[in-house]
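The block underneath contains the structure these notes are about, expressed in structure tokens.
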Amino acid sequence: MSMKAYPLQFKAEMKERIWGGRALESFGIELPLGSIGEAWMISDHPNGVTRVENGPLKGLGLDQIREKYGSEWFGTHGSSASNGRFPLLIKLLDCNDDLSIQVHPTDAYNGLPVGESGKTEMWYILDAKPGAKIIYGLKESIDAQTMAAAIEAGRIMDTLHEVPVKAGDAFYIPAGTVHALCSGVVVAEIQQNSDTTYRLYDYDRPGLDGKLRELHIEDSLRVIAYHGAGASRMDTSGIRPGHWLTIAESPYFHVEKGLIEDSEAAGTSEESFVILMIAEGEGLLRWEDGELSVRAGECFLLPATLGRYELSGSLTVLRSSVPAS
């Protein structure tokens, strides 16, 4: 007899980063010592596999869930990742300092590490200090030759767009888009399940081991989409309760933002699992066989076979699924 589906909550995998801090403690997340830059909330990747914290499957890794129930629980669209893993990686990021200037490859790049996919992602700004900004794309008329010359001359910042940000802003970042989060932001990131990043510039600073971190200039120059990859941004602050606003649409994920002020029912389908990330507030998640308390900073994987569920309370929610390929 197959296991009855229920919402899965995972213990986050913490990643110390030179640019990290302690801001994720504000979500009630218990952090290890150090500068924690990333909490991998839902992950099925060799560099960090999250394990179930609740219910009958407590203690199992997402990789084990995939092996046992993936074809049924992940849905017809959610079971088709090119590398065989769970298709998405869900993170919270604390940017206490600037991240490297970077770019990610597409699935088609022939220099991908074995077993890796490309990396298209999106950001939702959970919190931003006054004056916070990000690096988002290239200025006009920048080509590979111009970029290479700027890097050689130490002028890469002259080629990049700086964009001010505030809480509630959403950014779609297709592979090939040069980008960087900067200090003073806390971000929810939804991305392809990949850990492939090519660094163009890292401020000449040492890493956690005291050595300069590796740059990947040749790979970066090859994968940059100099004429744009379709990046887009959105101010989501005007959303109304009871309305789900699409904030990112790609071949890999569909992400919506919703406000719950009382209760709202929805349901999964056989096509895809649903991931709920609670961005603000607290409340309840109910389904046929139970309920869970939910609060800001928590993530839940709802199997495709779960069916009807209900959210109640005062909540801001990011809802993600996998579209048809």
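Identifiers in the structure tokens: chain A, B, ... in order shown; residue index from 1 per chain; ligand index from 1 in order shown.
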Every residue of stretch 161-314 of chain A that DSSP places in strand (DSSP E or B), as a VMD selection string: chain A and resid 161 to 164 169 to 173 179 to 181 185 to 192 198 to 201 206 212 232 to 235 244 to 249 254 to 260 263 to 267 269 272 274 to 287 290 to 295 299 to 302 308 to 314
Counting only C-alpha atoms, what is within 12 Å of stretch 213-225 of chain A, bar same-chain residues fewer than 5 positions away, as an MDAnalysis selection string? chainID A and resid 17:18 99:113 118:119 137:138 142:152 156 173:179 196:208 230:231
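Remark: for A:Ser26, the closest of the candidate residues A:Arg295, A:Lys58, A:Arg319, A:Lys11 is A:Arg295 (distances computed over only C-alpha atoms).
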A:Trp73 surroundings by only C-alpha atoms, 12 Å radius, close-in-sequence under 2 positions cut, as a PyMOL selection string: chain A and resi 2-8+62+65-71+75-79+86+268-274+301-307
One number please: atom CA of A:Pro323 to atom CA of A:Phe300, in Å, one decimal. 18.4 Å
Exercise: A:Ala266 partners within 7 Å, only C-alpha atoms, chain neighbours under 3 positions left out, as JSON, numbers by chain: {"A": [308, 309, 310]}
Using only C-alpha atoms, find the one residue out of A:Leu89, A:Ile42, A:Ala296, A:Met14 that sits nearest to A:Val317. A:Ala296
